[in-house]
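J.: Here it is, the structure, as structure tokens.
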Amino acid sequence: MNFFSQPVIFIVFGDYSNLGVGYLSAVLNQAGVESRIIDFRLPYEDILKDLKQSDPLVVGFSVIYEGYIDEFAILVKLLKSNGINCHFTAGGHFASLRPQELFSLIPELDSIVRFEGEYTLPELVNCLISGIDWKSIRSIAFKEDHRIITTPLRPLEHDLDKFPFPSRPPAREYAYGKKYVTILAGRGCINDCSYCNAREFYRTAAGPTKRTRSPEMVVREIEHLHRGKGCSVFLFQDDDFPVKIRGNHDWIISFCNELKNRKLHDKIIWKINCRPDELDADILELMRQHGLFLVFIGLEDGTDEGLARLSKRTTVAENLECINLLKNSGTRFDYGFMMFQPETTYASLKENLEFLKKICSDGYTPVSFLKLMPYFETRIEKELRTQGRLRGRPGYYDYDFIPVSLNDCYSTVLDCFAEWIWSAEGVTNMSKWAINYFAVNDHFEMSRPGIESHKEKFRNIASESNRYILGTLAELFNIFESGSYQGKGRQAIDKIRTEAQSRHRLYRRTVRECFL
């Protein structure tokens with residue numbers, strides 16, 4: 001195939017999880033247009049040098065997360081002011097849902113490709129190559145006479161099997177020499193959680209909010225990546241992996257059968273994201289027999305009232321039942337948990353701590369939690385705006401807690417445990433990697449020397465560190481609820497902060513010794 005001489009270059013945050021751009025790149029390559037992906041995190045000078053050498057036709061910016069808009073704006077301005085005068089376009093969740101806002105923040109953009117771009121972007125590129133007016137293309141936005149014009153949206157593609165496999169950079173090592181890639185079984189989500197904008201993204205254009213690739217096509221891609229690229233670990237990125245569709249498990253049964261038919265079930269392992277109410281013992285065992293090694297569960301809250309506010313459509317009892325099912329089967333799991341929310345009280349914090357004790361005290365999984373952030377086009381964002389509680393600016397929206405003392409309480413929790421829970425070298429992340437290493441060893445029966453003693457040592461230290469952090473959080477919550485943090489409690493807080501830092505260094509070092 002003869003490629004057009006000027007490439008399309010995508011600038012994205014990271015290059016492994018952005019499968020949306022991977023699909024766009026593959027579609028362009030299929031049409032004879034060269035495309036490449038540049039990691040946004042590279043030094044700006046390196047990106048500028050690359051673009052000057054490449055002389056691209058189009059530069060596309062993947063603006064999925066609003067938190068990086070300022071950095072994108074700085075980069076775009078730098079590129080334009082240094083002679084990169086090609087067509088600048090943007091896509092992604094924020095770009096699609098908030099085009100007017102994005103144009104005001106990054107006025108150097110020429111266009112925005114809204115929602116799924118597998119048909120829109122090639123049409124835009126073809127118009128630019130041919131010199132044809134591109135402003136009548138569906139599913140784009142652009143500026144004209146100081147106005148933002150949005151063209152009619154094209155419907156979503158029902159048959160995802162029509163698209164080629166996404167372009168990917170060379171696979172990296174996951175653990176013990178096993179390479180990994182991210183992959184999708186489908187797009188969209190039928191759930192409507194109040195803190196998530198995924199459904200809003202997929203229901204704005206005409207078409208079903210959730211579409212699934214055929215099991216055969218997904219397994220064909222896995223086979224291509226395993227036999228052709230040496231990949232053995234597959235991390236499904238679906239918001240909700242199709243364990244259950246329309247009340248049945250037909251898709252996952254067909255998927256597992258196809259893995260076995262192609263003799264892949266004992267050669268690969270895979271991770272999924274799913275809801276707690278989609279798993280039962282039989283289907284979990286079937287998936288485990290065919291390579292499932294890790295499940296991410298969106299628990300989010302340890303109270304029934306909190307789950308209802310988040311529109312989770314689950315209960316605490318159902319969530320605990322799912323966790324017990326995973327533990328009893330020996331399946332590793334990770335989870336999402338937003339302990340701090342707009343309606344958080346000291347009573348709800350204590351209930352959430354009790355919930356975390358039930359799932360984490362045994363060291364099976366590390367303690368992890370977040371603050372719920374009011375992302376764009378979510379119900380939470382709209383509620384806070386209506387209440388007059390939303391503060392900040394695009395990409396940096398936040399809110400204060402009620403009661404006011406919770407703001408100081410949360411700041412203190414950050415002082416004590418931010419590095420522990422959220423940094424790449426923190427105890428929580430290191431513990432997750434230890435679990436991943438053990439999973440790879442077990443599934444591929446590598447029998448590394450001393451592995452069983454390392455597992456036992458890790459489980460003990462994970463249990464101890466989990467119980468420490470949960471107990472310390474309970475102590476902090478009591479100090480702030482009583483009001484003593486403004487007086488005699490200050491000394492206790494300082495002592496807690498110092499001890500937390502010391503414990504973190506100890507636990508981090510010990511966890512690392514278990515798998516490195």
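FYI, nothing fancy with the structure tokens labels: chains A, B, ... in order, residues from 1 per chain, ligands from 1 as they appear.
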Which residues are close to A:Asp304, i.e. within 8 Å by only C-alpha atoms, leaving aside same-chain residues fewer than 4 positions away? Reply as a list in words.
T.: Ala308, Thr315 and Val316 of chain A
J.: Excluding A:Asn324 and any residue of its chain fewer than 3 positions from it, enumerate the residues within 12 Å of it, using only C-alpha atoms, and give them as a PyMOL selection string.
T.: chain A and resi 276+279-281+317-321+327-333+358-360+362+364
J.: Please, which residues in stretch 312-388 of chain A fall within 12 Å of stretch 192-202 of chain A when counting only C-alpha atoms, and what is the closest atom pair and distance in Å to one decimal for each, ordered by chain then residue number, as a Markdown table?
T.:
| residue | atom | partner | partner_atom | distance |
| --- | --- | --- | --- | --- |
| A:Lys312 | CA | A:Cys193 | CA | 5.8 |
| A:Arg313 | CA | A:Cys193 | CA | 8.7 |
| A:Thr314 | CA | A:Cys193 | CA | 11.1 |
| A:Met338 | CA | A:Tyr195 | CA | 10.2 |
| A:Gln341 | CA | A:Tyr195 | CA | 10.0 |
| A:Pro342 | CA | A:Tyr195 | CA | 10.9 |
| A:Lys371 | CA | A:Tyr195 | CA | 11.1 |
| A:Leu372 | CA | A:Tyr195 | CA | 7.4 |
| A:Met373 | CA | A:Tyr195 | CA | 7.6 |
| A:Pro374 | CA | A:Tyr195 | CA | 6.8 |
| A:Tyr375 | CA | A:Tyr195 | CA | 7.1 |
| A:Phe376 | CA | A:Asn197 | CA | 7.1 |
| A:Glu377 | CA | A:Asn197 | CA | 5.8 |
| A:Thr378 | CA | A:Asn197 | CA | 5.2 |
| A:Arg379 | CA | A:Ser194 | CA | 4.9 |
| A:Ile380 | CA | A:Tyr195 | CA | 5.6 |
| A:Glu381 | CA | A:Tyr195 | CA | 7.9 |
| A:Lys382 | CA | A:Ser194 | CA | 9.8 |
| A:Glu383 | CA | A:Ser194 | CA | 9.7 |
| A:Leu384 | CA | A:Tyr195 | CA | 11.5 |
J.: So, with only C-alpha atoms as the atoms that count, which of A:Leu356, A:Gly306, A:Ile69, A:Asp301 lies closest to A:Phe337?
T.: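 Of the candidates, the smallest distance to A:Phe337 is held by A:Asp301.
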J.: Find the residues around A:Pro449 up to 12 Å (only C-alpha atoms counted), leave out those fewer than 6 positions away in its own chain, and share them as a list of chain:residue names.
T.: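 The neighbour list is A:Asn441, A:Lys455, A:Cys514, A:Phe515.
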